[in-house]
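**Q** My questions all concern the structure below.
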Amino acid sequence: MNYTFHWLPAFRALPDLLWGALVTLQLAVSSMMLGTALAVLLAVAGASRHRALRAFASGWVELARNTPALFQIYMAYFGLGSFGIHLDSFVALIAGITFNNAGYLAETFRGGLRAIPGTQMRAARSLGMGAIQALRLIVLPQMFRVVFYPLTNQMVWAILMTSLGVIVGVNSDLTGVTQDLNVKTFRTFEYFSLAAIIYYVLAKSVTLSARLLAWRLFRY
């Protein structure tokens with residue numbers, strides 16, 4: 001083995017890598033916010049009495065959970081383009097990750113809803129609340145407490161999934177910046193090692209922040 005390590009140029013590029021990490025966080029947070037909102041609707045639709053709503057929710061979940069995330073991003077960017085719908089690479093990446101997040105979280109939320117006793121809804125309705133009001137003020141807050149940790153895991157997964165953006169031309173996130181530096185210098189090991197460390201720090205930061213937040217919110 002005659003490979004010579006050159007870490008100094010890699011460390012000099014650290015500000016660019018950190019800027020890419022910020023873009024990665026923005027992509028992950030955006031996809032998680034959209035995915036969570038859609039997952040709530042899918043979970044409610046899955047528990048609906050209407051067969052069409054249940055079928056739609058089930059189809060979404062089946063596609064999201066049983067096809068690769070890479071395929072979903074490809075379909076958002078290249079697949080829709082075949083029908084004349086051309087999405088920006090950022091939009092396509094967020095759409096693909098959002099679709100994936102919504103499918104996984106919908107199942108998580110469905111389990112969370114089942115963990116809430118039905119008496120909660122009936123008690124809220126007996127107090128004069130409408131169905132939507134009771135769901136929003138009584139049931140969903142309890143559900144989010146039940147699914148808090150799985151939600152945290154999905155956030156970590158969303159951060160890691162943003163690395164797939166390089167296949168559709170996203171070059172400003174952490175993986176995209178790293179790949180550009182690698183192409184210019186051919187110092188693959190050094191740059192991707194630093195990128196891996198940054199991804200690790202991001203993931204651990206989310207996990208530790210969630211634990212602190214849970215300690216603050218769920219002490220009683």
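Here, A, B, ... name the chains of the structure tokens in the order displayed, residue numbers run from 1 inside each chain, and ligands are numbered from 1 in the same displayed order.
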Please report as a tab-separated table every residue of region 22-72 of chain A lying within 12 Å of region 139-150 of chain A, along with the nearest atom pair and their distance in Å (one decimal), using only C-alpha atoms.
**A**
residue	atom	partner	partner_atom	distance
A:Thr36	CA	A:Phe144	CA	10.5
A:Ala37	CA	A:Leu140	CA	11.6
A:Ala39	CA	A:Phe144	CA	11.8
A:Val40	CA	A:Leu140	CA	8.7
A:Leu41	CA	A:Leu140	CA	11.3
A:Ala43	CA	A:Leu140	CA	10.9
A:Val44	CA	A:Leu140	CA	10.3
**Q** Take the residues from that selection and write them out as a PDB file, in the first residue's frame, keeping N, CA and C atoms.
**A**
ATOM      1  N   THR A  36     -44.361  14.374   8.012  1.00  0.00           N
ATOM      2  CA  THR A  36     -45.147  14.206   9.234  1.00  0.00           C
ATOM      3  C   THR A  36     -46.595  14.635   9.015  1.00  0.00           C
ATOM      4  N   ALA A  37     -46.775  15.775   8.336  1.00  0.00           N
ATOM      5  CA  ALA A  37     -48.134  16.245   8.064  1.00  0.00           C
ATOM      6  C   ALA A  37     -48.900  15.241   7.196  1.00  0.00           C
ATOM      7  N   ALA A  39     -48.213  12.053   6.899  1.00  0.00           N
ATOM      8  CA  ALA A  39     -48.361  10.790   7.638  1.00  0.00           C
ATOM      9  C   ALA A  39     -49.557  10.846   8.576  1.00  0.00           C
ATOM     10  N   VAL A  40     -49.795  11.986   9.194  1.00  0.00           N
ATOM     11  CA  VAL A  40     -50.966  12.115  10.060  1.00  0.00           C
ATOM     12  C   VAL A  40     -52.240  11.897   9.251  1.00  0.00           C
ATOM     13  N   LEU A  41     -52.295  12.528   8.060  1.00  0.00           N
ATOM     14  CA  LEU A  41     -53.474  12.357   7.209  1.00  0.00           C
ATOM     15  C   LEU A  41     -53.629  10.903   6.757  1.00  0.00           C
ATOM     16  N   ALA A  43     -52.497   8.233   8.341  1.00  0.00           N
ATOM     17  CA  ALA A  43     -52.878   7.410   9.493  1.00  0.00           C
ATOM     18  C   ALA A  43     -54.371   7.539   9.780  1.00  0.00           C
ATOM     19  N   VAL A  44     -54.880   8.762   9.698  1.00  0.00           N
ATOM     20  CA  VAL A  44     -56.318   8.975   9.928  1.00  0.00           C
ATOM     21  C   VAL A  44     -57.124   8.318   8.808  1.00  0.00           C
TER      22      VAL A  44
END
**Q** Enumerate as a ChimeraX atom specification all residues of region 73-189 of chain A assigned to alpha helix (DSSP H) by DSSP on the backbone, naming them with the chain letters and numbers the document uses.
**A** /A:73-74,89-115,118-126,131-134,140-146,148-161,174-185,188-189
**Q** Give me the residues near Arg122 (chain A) as a PyMOL selection string, where near means some atom within 12 Å (using only C-alpha atoms) and where sequence neighbours in that chain fewer than 5 positions away do not count.
**A** chain A and resi 116-117+127-131+134-135+138-139
**Q** Keeping only N, CA and C atoms, write the selected residues to a file as a PDB file, in the first residue's frame.
**A**
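Output (part-v4.pdb):
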ATOM      1  N   ILE A 116     -53.941   4.829  21.903  1.00  0.00           N
ATOM      2  CA  ILE A 116     -54.778   5.786  22.635  1.00  0.00           C
ATOM      3  C   ILE A 116     -56.151   5.161  22.859  1.00  0.00           C
ATOM      4  N   PRO A 117     -56.597   5.032  24.099  1.00  0.00           N
ATOM      5  CA  PRO A 117     -57.914   4.424  24.360  1.00  0.00           C
ATOM      6  C   PRO A 117     -59.036   5.166  23.646  1.00  0.00           C
ATOM      7  N   LEU A 127     -67.873  16.298  25.812  1.00  0.00           N
ATOM      8  CA  LEU A 127     -67.682  17.674  26.285  1.00  0.00           C
ATOM      9  C   LEU A 127     -68.083  18.703  25.232  1.00  0.00           C
ATOM     10  N   GLY A 128     -68.569  18.236  24.105  1.00  0.00           N
ATOM     11  CA  GLY A 128     -69.044  19.146  23.074  1.00  0.00           C
ATOM     12  C   GLY A 128     -68.057  19.402  21.952  1.00  0.00           C
ATOM     13  N   MET A 129     -66.916  18.744  21.955  1.00  0.00           N
ATOM     14  CA  MET A 129     -65.935  18.932  20.893  1.00  0.00           C
ATOM     15  C   MET A 129     -66.387  18.203  19.631  1.00  0.00           C
ATOM     16  N   GLY A 130     -66.056  18.786  18.484  1.00  0.00           N
ATOM     17  CA  GLY A 130     -66.267  18.097  17.229  1.00  0.00           C
ATOM     18  C   GLY A 130     -65.192  17.042  17.025  1.00  0.00           C
ATOM     19  N   ALA A 131     -65.385  16.201  16.015  1.00  0.00           N
ATOM     20  CA  ALA A 131     -64.439  15.108  15.787  1.00  0.00           C
ATOM     21  C   ALA A 131     -63.037  15.635  15.468  1.00  0.00           C
ATOM     22  N   ALA A 134     -61.491  17.298  18.594  1.00  0.00           N
ATOM     23  CA  ALA A 134     -61.061  16.288  19.564  1.00  0.00           C
ATOM     24  C   ALA A 134     -59.791  15.594  19.089  1.00  0.00           C
ATOM     25  N   LEU A 135     -59.728  15.326  17.791  1.00  0.00           N
ATOM     26  CA  LEU A 135     -58.528  14.693  17.247  1.00  0.00           C
ATOM     27  C   LEU A 135     -57.315  15.604  17.399  1.00  0.00           C
ATOM     28  N   ILE A 138     -56.911  16.484  21.614  1.00  0.00           N
ATOM     29  CA  ILE A 138     -56.865  15.406  22.602  1.00  0.00           C
ATOM     30  C   ILE A 138     -56.060  14.198  22.112  1.00  0.00           C
ATOM     31  N   VAL A 139     -56.402  13.700  20.943  1.00  0.00           N
ATOM     32  CA  VAL A 139     -55.817  12.430  20.488  1.00  0.00           C
ATOM     33  C   VAL A 139     -54.414  12.606  19.941  1.00  0.00           C
TER      34      VAL A 139
END
**Q** For Ile73 (chain A), find every residue with an atom within 12 Å (counting only C-alpha atoms), except residues of its own chain fewer than 4 positions away, and show them as a PyMOL selection string.
**A** chain A and resi 64+67-69+77-80+87-100+161-170
**Q** Find the nearest atom pair between each residue of region 77-188 of chain A and region 4-10 of chain A for residues within 10 Å, count only C-alpha atoms, give distances in Å to one decimal, sort rows by chain and ascending number, and present the table as a Markdown table.
**A**
| residue | atom | partner | partner_atom | distance |
| --- | --- | --- | --- | --- |
| A:Thr178 | CA | A:Ala10 | CA | 9.7 |
| A:Leu181 | CA | A:Ala10 | CA | 8.7 |
| A:Asn182 | CA | A:Ala10 | CA | 9.7 |
| A:Thr185 | CA | A:Pro9 | CA | 9.1 |
| A:Arg187 | CA | A:His6 | CA | 7.6 |
| A:Thr188 | CA | A:Ala10 | CA | 9.9 |
**Q** How would the residues just picked look written out with N, CA and C atoms as a PDB file, in the first residue's frame?
**A**
ATOM      1  N   THR A 178     -18.874  17.137  -0.990  1.00  0.00           N
ATOM      2  CA  THR A 178     -17.789  16.161  -0.849  1.00  0.00           C
ATOM      3  C   THR A 178     -17.422  15.539  -2.190  1.00  0.00           C
ATOM      4  N   LEU A 181     -15.444  18.020  -4.325  1.00  0.00           N
ATOM      5  CA  LEU A 181     -14.055  18.109  -3.862  1.00  0.00           C
ATOM      6  C   LEU A 181     -13.276  16.858  -4.260  1.00  0.00           C
ATOM      7  N   ASN A 182     -13.936  15.728  -4.201  1.00  0.00           N
ATOM      8  CA  ASN A 182     -13.282  14.479  -4.574  1.00  0.00           C
ATOM      9  C   ASN A 182     -12.914  14.465  -6.060  1.00  0.00           C
ATOM     10  N   THR A 185      -9.823  16.735  -6.617  1.00  0.00           N
ATOM     11  CA  THR A 185      -8.547  16.400  -5.967  1.00  0.00           C
ATOM     12  C   THR A 185      -8.224  14.913  -5.966  1.00  0.00           C
ATOM     13  N   ARG A 187      -8.884  12.919  -3.691  1.00  0.00           N
ATOM     14  CA  ARG A 187      -8.554  12.508  -2.318  1.00  0.00           C
ATOM     15  C   ARG A 187      -9.826  11.938  -1.680  1.00  0.00           C
ATOM     16  N   THR A 188     -10.239  10.803  -2.193  1.00  0.00           N
ATOM     17  CA  THR A 188     -11.518  10.213  -1.786  1.00  0.00           C
ATOM     18  C   THR A 188     -11.562   9.898  -0.299  1.00  0.00           C
TER      19      THR A 188
END
